file coords14.pdb (PDB, C-alpha atoms, pLDDT in the B column)
ATOM      1  CA  MET A   1       0.000   0.000   0.000  1.00 60.00           C
ATOM      2  CA  ASP A   2       1.352   3.329  -0.828  1.00 76.00           C
ATOM      3  CA  VAL A   3       1.504   6.255   1.551  1.00 74.00           C
ATOM      4  CA  GLU A   4      -1.263   8.248  -0.180  1.00 77.00           C
ATOM      5  CA  ALA A   5      -3.839   5.462   0.096  1.00 77.00           C
ATOM      6  CA  LEU A   6      -2.917   4.873   3.738  1.00 74.00           C
ATOM      7  CA  ALA A   7      -3.241   8.620   4.516  1.00 77.00           C
ATOM      8  CA  ALA A   8      -6.636   8.779   2.738  1.00 78.00           C
ATOM      9  CA  ALA A   9      -7.898   5.751   4.727  1.00 78.00           C
ATOM     10  CA  ALA A  10      -6.694   7.319   7.994  1.00 79.00           C
ATOM     11  CA  ILE A  11      -8.401  10.636   7.184  1.00 82.00           C
ATOM     12  CA  TYR A  12     -11.624   8.819   6.259  1.00 80.00           C
ATOM     13  CA  LEU A  13     -11.629   6.807   9.505  1.00 77.00           C
ATOM     14  CA  PHE A  14     -10.817   9.891  11.588  1.00 76.00           C
ATOM     15  CA  SER A  15     -13.596  11.975   9.985  1.00 79.00           C
ATOM     16  CA  THR A  16     -16.112   9.125  10.351  1.00 79.00           C
ATOM     17  CA  TYR A  17     -15.162   8.747  14.019  1.00 78.00           C
ATOM     18  CA  ASN A  18     -15.586  12.501  14.612  1.00 76.00           C
ATOM     19  CA  TYR A  19     -18.935  12.533  12.795  1.00 77.00           C
ATOM     20  CA  PHE A  20     -20.412   9.719  14.911  1.00 74.00           C
ATOM     21  CA  LEU A  21     -18.930  11.165  18.077  1.00 73.00           C
ATOM     22  CA  ASN A  22     -20.502  14.580  17.375  1.00 73.00           C
ATOM     23  CA  VAL A  23     -23.878  13.080  16.502  1.00 71.00           C
ATOM     24  CA  TYR A  24     -23.847  11.026  19.704  1.00 66.00           C
ATOM     25  CA  LYS A  25     -22.877  14.073  21.780  1.00 63.00           C
ATOM     26  CA  LYS A  26     -25.697  16.110  20.251  1.00 62.00           C
ATOM     27  CA  LYS A  27     -28.181  13.406  21.176  1.00 58.00           C
ATOM     28  CA  VAL A  28     -26.812  13.292  24.710  1.00 52.00           C
ATOM     29  CA  ILE A  29     -26.964  17.075  24.970  1.00 48.00           C
ATOM     30  CA  LYS A  30     -30.547  17.111  23.686  1.00 51.00           C
ATOM     31  CA  ARG A  31     -31.533  14.538  26.255  1.00 52.00           C
ATOM     32  CA  LYS A  32     -29.689  16.338  28.978  1.00 54.00           C
ATOM     33  CA  TRP A  33     -31.258  19.739  28.283  1.00 54.00           C
ATOM     34  CA  ARG A  34     -34.734  18.567  27.448  1.00 57.00           C
ATOM     35  CA  ARG A  35     -37.299  20.241  29.648  1.00 63.00           C
ATOM     36  CA  ARG A  36     -38.727  17.895  32.226  1.00 61.00           C
ATOM     37  CA  ARG A  37     -42.450  17.725  32.789  1.00 62.00           C
ATOM     38  CA  TRP A  38     -43.899  16.980  36.177  1.00 58.00           C
ATOM     39  CA  TRP A  39     -47.201  15.233  36.598  1.00 60.00           C
ATOM     40  CA  MET A  40     -48.088  17.592  39.431  1.00 62.00           C
ATOM     41  CA  LEU A  41     -47.346  21.286  39.932  1.00 65.00           C
ATOM     42  CA  THR A  42     -45.590  22.447  43.070  1.00 65.00           C
ATOM     43  CA  ILE A  43     -48.702  24.089  44.513  1.00 65.00           C
ATOM     44  CA  HIS A  44     -50.531  20.765  44.133  1.00 63.00           C
ATOM     45  CA  ARG A  45     -47.711  18.686  45.594  1.00 63.00           C
ATOM     46  CA  ASN A  46     -47.819  20.769  48.780  1.00 64.00           C
ATOM     47  CA  ARG A  47     -51.535  20.228  49.328  1.00 65.00           C
ATOM     48  CA  THR A  48     -52.731  17.781  51.935  1.00 66.00           C
ATOM     49  CA  LYS A  49     -56.138  16.903  53.311  1.00 65.00           C
ATOM     50  CA  GLN A  50     -55.296  18.840  56.427  1.00 69.00           C
ATOM     51  CA  THR A  51     -54.499  22.068  54.565  1.00 71.00           C
ATOM     52  CA  MET A  52     -57.680  21.818  52.501  1.00 72.00           C
ATOM     53  CA  ASP A  53     -59.818  21.106  55.570  1.00 73.00           C
ATOM     54  CA  ASN A  54     -58.164  24.008  57.412  1.00 77.00           C
ATOM     55  CA  GLN A  55     -59.134  26.387  54.619  1.00 77.00           C
ATOM     56  CA  LEU A  56     -62.806  25.458  54.930  1.00 79.00           C
ATOM     57  CA  ALA A  57     -62.671  25.313  58.731  1.00 80.00           C
ATOM     58  CA  GLU A  58     -61.348  28.886  58.872  1.00 82.00           C
ATOM     59  CA  MET A  59     -64.242  30.091  56.737  1.00 81.00           C
ATOM     60  CA  LEU A  60     -66.763  28.117  58.776  1.00 79.00           C
ATOM     61  CA  ALA A  61     -65.414  29.569  62.036  1.00 81.00           C
ATOM     62  CA  GLU A  62     -65.630  33.149  60.713  1.00 80.00           C
ATOM     63  CA  PRO A  63     -68.620  34.814  62.440  1.00 79.00           C
ATOM     64  CA  SER A  64     -69.163  37.346  59.650  1.00 80.00           C
ATOM     65  CA  GLY A  65     -70.813  34.810  57.354  1.00 80.00           C
ATOM     66  CA  GLU A  66     -67.965  34.513  54.863  1.00 83.00           C
ATOM     67  CA  PHE A  67     -68.707  30.844  54.286  1.00 82.00           C
ATOM     68  CA  ASP A  68     -72.359  31.602  53.521  1.00 85.00           C
ATOM     69  CA  ASN A  69     -71.215  34.093  50.912  1.00 85.00           C
ATOM     70  CA  PHE A  70     -68.575  31.707  49.574  1.00 85.00           C
ATOM     71  CA  VAL A  71     -70.907  28.800  48.758  1.00 85.00           C
ATOM     72  CA  ARG A  72     -74.167  30.804  48.835  1.00 88.00           C
ATOM     73  CA  MET A  73     -75.792  28.628  51.505  1.00 88.00           C
ATOM     74  CA  SER A  74     -75.817  28.187  55.243  1.00 88.00           C
ATOM     75  CA  ASN A  75     -73.522  25.828  57.106  1.00 87.00           C
ATOM     76  CA  SER A  76     -76.409  23.526  58.043  1.00 89.00           C
ATOM     77  CA  ASP A  77     -77.499  23.226  54.393  1.00 91.00           C
ATOM     78  CA  PHE A  78     -73.902  22.510  53.402  1.00 91.00           C
ATOM     79  CA  GLU A  79     -73.634  19.740  56.023  1.00 91.00           C
ATOM     80  CA  PHE A  80     -76.972  18.325  54.840  1.00 93.00           C
ATOM     81  CA  LEU A  81     -75.657  18.171  51.272  1.00 93.00           C
ATOM     82  CA  ILE A  82     -72.441  16.518  52.443  1.00 93.00           C
ATOM     83  CA  GLN A  83     -74.459  13.787  54.150  1.00 94.00           C
ATOM     84  CA  LYS A  84     -76.550  13.224  51.025  1.00 93.00           C
ATOM     85  CA  VAL A  85     -73.716  13.348  48.486  1.00 94.00           C
ATOM     86  CA  SER A  86     -70.772  11.767  50.323  1.00 94.00           C
ATOM     87  CA  PRO A  87     -71.625   8.092  49.599  1.00 93.00           C
ATOM     88  CA  ILE A  88     -71.770   8.856  45.878  1.00 93.00           C
ATOM     89  CA  VAL A  89     -68.812  11.231  45.550  1.00 93.00           C
ATOM     90  CA  ALA A  90     -66.279   9.862  48.072  1.00 92.00           C
ATOM     91  CA  LYS A  91     -63.005   8.533  46.641  1.00 90.00           C
ATOM     92  CA  GLN A  92     -60.334   6.338  48.191  1.00 90.00           C
ATOM     93  CA  ASP A  93     -56.727   7.337  48.795  1.00 86.00           C
ATOM     94  CA  THR A  94     -54.067   5.605  46.729  1.00 86.00           C
ATOM     95  CA  ASP A  95     -50.363   5.049  47.305  1.00 86.00           C
ATOM     96  CA  TRP A  96     -49.564   7.824  44.838  1.00 80.00           C
ATOM     97  CA  ARG A  97     -51.843  10.585  46.085  1.00 77.00           C
ATOM     98  CA  GLU A  98     -54.534  11.445  48.576  1.00 81.00           C
ATOM     99  CA  ALA A  99     -58.099  11.794  47.358  1.00 86.00           C
ATOM    100  CA  ILE A 100     -59.823  15.176  47.367  1.00 88.00           C
ATOM    101  CA  PRO A 101     -62.204  15.234  50.389  1.00 89.00           C
ATOM    102  CA  VAL A 102     -65.954  15.362  49.845  1.00 91.00           C
ATOM    103  CA  LYS A 103     -66.199  18.758  51.567  1.00 90.00           C
ATOM    104  CA  ILE A 104     -63.748  20.257  49.092  1.00 90.00           C
ATOM    105  CA  ARG A 105     -65.448  18.592  46.118  1.00 93.00           C
ATOM    106  CA  LEU A 106     -68.827  19.969  47.180  1.00 93.00           C
ATOM    107  CA  ALA A 107     -67.509  23.445  48.053  1.00 92.00           C
ATOM    108  CA  LEU A 108     -65.681  23.610  44.721  1.00 92.00           C
ATOM    109  CA  THR A 109     -68.813  22.665  42.789  1.00 93.00           C
ATOM    110  CA  LEU A 110     -71.041  25.069  44.729  1.00 92.00           C
ATOM    111  CA  ARG A 111     -68.534  27.878  44.202  1.00 91.00           C
ATOM    112  CA  TYR A 112     -68.491  27.129  40.474  1.00 93.00           C
ATOM    113  CA  LEU A 113     -72.298  27.050  40.272  1.00 91.00           C
ATOM    114  CA  ALA A 114     -72.676  30.220  42.367  1.00 89.00           C
ATOM    115  CA  THR A 115     -70.103  32.394  40.618  1.00 89.00           C
ATOM    116  CA  GLY A 116     -69.450  30.820  37.234  1.00 88.00           C
ATOM    117  CA  ASP A 117     -65.699  31.213  37.777  1.00 88.00           C
ATOM    118  CA  SER A 118     -63.480  29.481  35.278  1.00 91.00           C
ATOM    119  CA  PHE A 119     -61.833  26.211  36.240  1.00 91.00           C
ATOM    120  CA  ARG A 120     -58.493  28.012  36.024  1.00 89.00           C
ATOM    121  CA  SER A 121     -59.445  30.556  38.712  1.00 89.00           C
ATOM    122  CA  LEU A 122     -60.863  27.797  40.920  1.00 89.00           C
ATOM    123  CA  HIS A 123     -57.577  25.979  40.410  1.00 86.00           C
ATOM    124  CA  TYR A 124     -55.728  28.764  42.251  1.00 84.00           C
ATOM    125  CA  LEU A 125     -58.354  29.025  44.975  1.00 84.00           C
ATOM    126  CA  PHE A 126     -58.623  25.338  45.888  1.00 84.00           C
ATOM    127  CA  LYS A 127     -55.150  24.088  44.828  1.00 82.00           C
ATOM    128  CA  VAL A 128     -56.702  21.445  42.591  1.00 85.00           C
ATOM    129  CA  SER A 129     -55.733  21.133  38.925  1.00 86.00           C
ATOM    130  CA  SER A 130     -58.178  22.515  36.391  1.00 89.00           C
ATOM    131  CA  GLN A 131     -58.313  19.106  34.662  1.00 90.00           C
ATOM    132  CA  LEU A 132     -59.433  17.487  37.893  1.00 91.00           C
ATOM    133  CA  ILE A 133     -61.944  20.269  38.504  1.00 93.00           C
ATOM    134  CA  SER A 134     -63.427  19.592  35.068  1.00 94.00           C
ATOM    135  CA  ARG A 135     -64.056  16.018  36.214  1.00 94.00           C
ATOM    136  CA  ILE A 136     -65.213  16.865  39.745  1.00 94.00           C
ATOM    137  CA  VAL A 137     -67.904  19.433  38.849  1.00 94.00           C
ATOM    138  CA  PRO A 138     -70.036  17.199  36.559  1.00 94.00           C
ATOM    139  CA  GLU A 139     -69.621  14.261  38.919  1.00 95.00           C
ATOM    140  CA  VAL A 140     -70.840  16.242  41.937  1.00 94.00           C
ATOM    141  CA  CYS A 141     -73.670  17.811  39.919  1.00 92.00           C
ATOM    142  CA  LEU A 142     -74.907  14.352  38.944  1.00 92.00           C
ATOM    143  CA  ALA A 143     -74.635  13.265  42.578  1.00 94.00           C
ATOM    144  CA  LEU A 144     -76.620  16.331  43.679  1.00 93.00           C
ATOM    145  CA  ASN A 145     -79.329  15.523  41.142  1.00 90.00           C
ATOM    146  CA  GLU A 146     -79.453  11.928  42.343  1.00 90.00           C
ATOM    147  CA  ALA A 147     -79.471  12.828  46.052  1.00 91.00           C
ATOM    148  CA  LEU A 148     -82.012  15.646  45.811  1.00 89.00           C
ATOM    149  CA  LYS A 149     -84.439  14.206  43.270  1.00 86.00           C
ATOM    150  CA  ASP A 150     -87.001  13.536  46.022  1.00 85.00           C
ATOM    151  CA  PHE A 151     -86.951  17.227  47.000  1.00 84.00           C
ATOM    152  CA  VAL A 152     -87.681  18.540  43.493  1.00 76.00           C
ATOM    153  CA  LYS A 153     -91.203  18.534  42.165  1.00 69.00           C
ATOM    154  CA  ASP A 154     -91.539  17.308  38.614  1.00 67.00           C
ATOM    155  CA  TRP A 155     -94.122  19.493  36.894  1.00 63.00           C
ATOM    156  CA  GLY A 156     -96.517  18.355  34.227  1.00 61.00           C
ATOM    157  CA  ARG A 157     -97.272  14.862  35.483  1.00 70.00           C
ATOM    158  CA  ASN A 158    -100.985  15.141  36.259  1.00 76.00           C
ATOM    159  CA  LYS A 159    -103.876  16.777  34.361  1.00 79.00           C
ATOM    160  CA  GLU A 160    -104.186  19.896  36.524  1.00 79.00           C
ATOM    161  CA  GLU A 161    -100.505  20.796  36.178  1.00 74.00           C
ATOM    162  CA  LYS A 162    -100.598  20.239  32.420  1.00 76.00           C
ATOM    163  CA  GLN A 163    -103.655  22.484  32.130  1.00 78.00           C
ATOM    164  CA  TRP A 164    -101.995  25.173  34.245  1.00 75.00           C
ATOM    165  CA  ILE A 165     -98.899  25.063  32.000  1.00 73.00           C
ATOM    166  CA  GLU A 166    -101.026  25.281  28.843  1.00 75.00           C
ATOM    167  CA  ASP A 167    -103.036  28.210  30.232  1.00 74.00           C
ATOM    168  CA  GLY A 168     -99.808  30.050  30.926  1.00 69.00           C
ATOM    169  CA  LYS A 169     -98.550  29.384  27.407  1.00 66.00           C
ATOM    170  CA  THR A 170    -101.735  30.575  25.754  1.00 67.00           C
ATOM    171  CA  MET A 171    -101.882  33.669  27.934  1.00 61.00           C
ATOM    172  CA  TRP A 172     -98.297  34.532  27.092  1.00 57.00           C
ATOM    173  CA  ASN A 173     -98.630  33.818  23.381  1.00 55.00           C
ATOM    174  CA  LYS A 174    -101.412  36.305  22.754  1.00 53.00           C
ATOM    175  CA  CYS A 175    -100.545  38.856  20.097  1.00 44.00           C
ATOM    176  CA  SER A 176    -100.329  41.807  22.445  1.00 45.00           C
ATOM    177  CA  LYS A 177    -100.295  42.170  26.191  1.00 49.00           C
ATOM    178  CA  ARG A 178    -100.726  45.082  28.454  1.00 49.00           C
ATOM    179  CA  MET A 179     -98.800  45.445  31.694  1.00 49.00           C
ATOM    180  CA  TRP A 180     -98.769  48.008  34.476  1.00 47.00           C
ATOM    181  CA  ASP A 181     -95.469  48.603  36.220  1.00 48.00           C
ATOM    182  CA  ASP A 182     -94.833  51.590  38.494  1.00 49.00           C
ATOM    183  CA  ARG A 183     -97.598  53.614  36.820  1.00 50.00           C
ATOM    184  CA  LYS A 184     -96.181  52.979  33.363  1.00 53.00           C
ATOM    185  CA  TYR A 185     -98.133  51.273  30.643  1.00 52.00           C
ATOM    186  CA  PHE A 186     -96.393  48.786  28.364  1.00 52.00           C
ATOM    187  CA  VAL A 187     -97.630  46.928  25.316  1.00 54.00           C
ATOM    188  CA  LEU A 188     -95.665  43.765  24.699  1.00 55.00           C
ATOM    189  CA  GLN A 189     -95.666  42.483  21.152  1.00 59.00           C
ATOM    190  CA  LYS A 190     -95.221  38.829  20.316  1.00 60.00           C
ATOM    191  CA  THR A 191     -91.852  38.297  18.689  1.00 60.00           C
ATOM    192  CA  LYS A 192     -91.735  36.728  15.252  1.00 62.00           C
ATOM    193  CA  ALA A 193     -89.804  33.503  15.394  1.00 54.00           C
TER     194      ALA A 193
END
call {"tool": "encode", "arguments": {"input": "coords14.pdb", "output": "structure tokens"}}
result
Amino acid sequence: MDVEALAAAAIYLFSTYNYFLNVYKKKVIKRKWRRRRWWMLTIHRNRTKQTMDNQLAEMLAEPSGEFDNFVRMSNSDFEFLIQKVSPIVAKQDTDWREAIPVKIRLALTLRYLATGDSFRSLHYLFKVSSQLISRIVPEVCLALNEALKDFVKDWGRNKEEKQWIEDGKTMWNKCSKRMWDDRKYFVLQKTKA
């Protein structure tokens, strides 16, 4: 073998070695600097059942009625709902995380129904992820419907109620109506649909 062929082979091997070494290093660097994702944010990792119960207990103990304003009902009504809903909504703790207590689930749902806050704003208030809130609210609403169905009257079942509903519809659907309100006279026109 002549010297030129040997030098060309050495240069080829050296450049191939450098190419593979650089490609491997780039892959290692990409893996090393890749942004890590956590399955739970820091504010959620620090939450415990005790901290969540303390938050509600502080509001309940406040004599100014802050809790009544928060969930838009009295403490006794809230406890009544907890008794009715807890068998349906309660979850078990796992090895990986503690379950959200029934009180928090109910308070979160009532706060959402009372204010219409977004799940994102409730996320900061209750320290529960917005994805979990989007699962909790419908679940608790269904449980409330199931638990309170005996307390809600279903209209339109018998003849008298059906007649009363029909009378109201016909009275409302007349072409024009006249109303008195604070000494003012209004004529309501039927809208064209």
call {"tool": "atom_distance", "arguments": {"input": "coords14.pdb", "atom1": "CA of Ile82 in chain A", "atom2": "CA of Val102 in chain A"}}
result
7.1 Å
call {"tool": "closest_residue", "arguments": {"input": "coords14.pdb", "among": "A:Ala147, A:Leu21, A:Ala10, A:Val152", "to": "Pro87 in chain A", "atoms": "all atoms listed in the file"}}
result
A:Ala147
call {"tool": "residues_around", "arguments": {"input": "coords14.pdb", "residues": "range 129-146 of chain A", "least_positions_apart": "3", "cutoff": "12 Å", "atoms": "all atoms listed in the file", "output": "PyMOL selection string"}}
result
chain A and resi 39-45+47+78+80-91+99-113+116-126+149-152
call {"tool": "atom_distance", "arguments": {"input": "coords14.pdb", "atom1": "CA of Phe20 in chain A", "atom2": "CA of Ala8 in chain A"}}
result
18.4 Å
call {"tool": "atom_distance", "arguments": {"input": "coords14.pdb", "atom1": "CA of Phe67 in chain A", "atom2": "CA of Arg97 in chain A"}}
result
27.6 Å
call {"tool": "axis_aligned_box", "arguments": {"input": "coords14.pdb", "around": "range 12-16 of chain A", "padding_each_side": "3 Å", "output": "JSON"}}
result
{"center_x": -13.5, "center_y": 9.4, "center_z": 8.9, "size_x": 11.3, "size_y": 11.2, "size_z": 11.3}
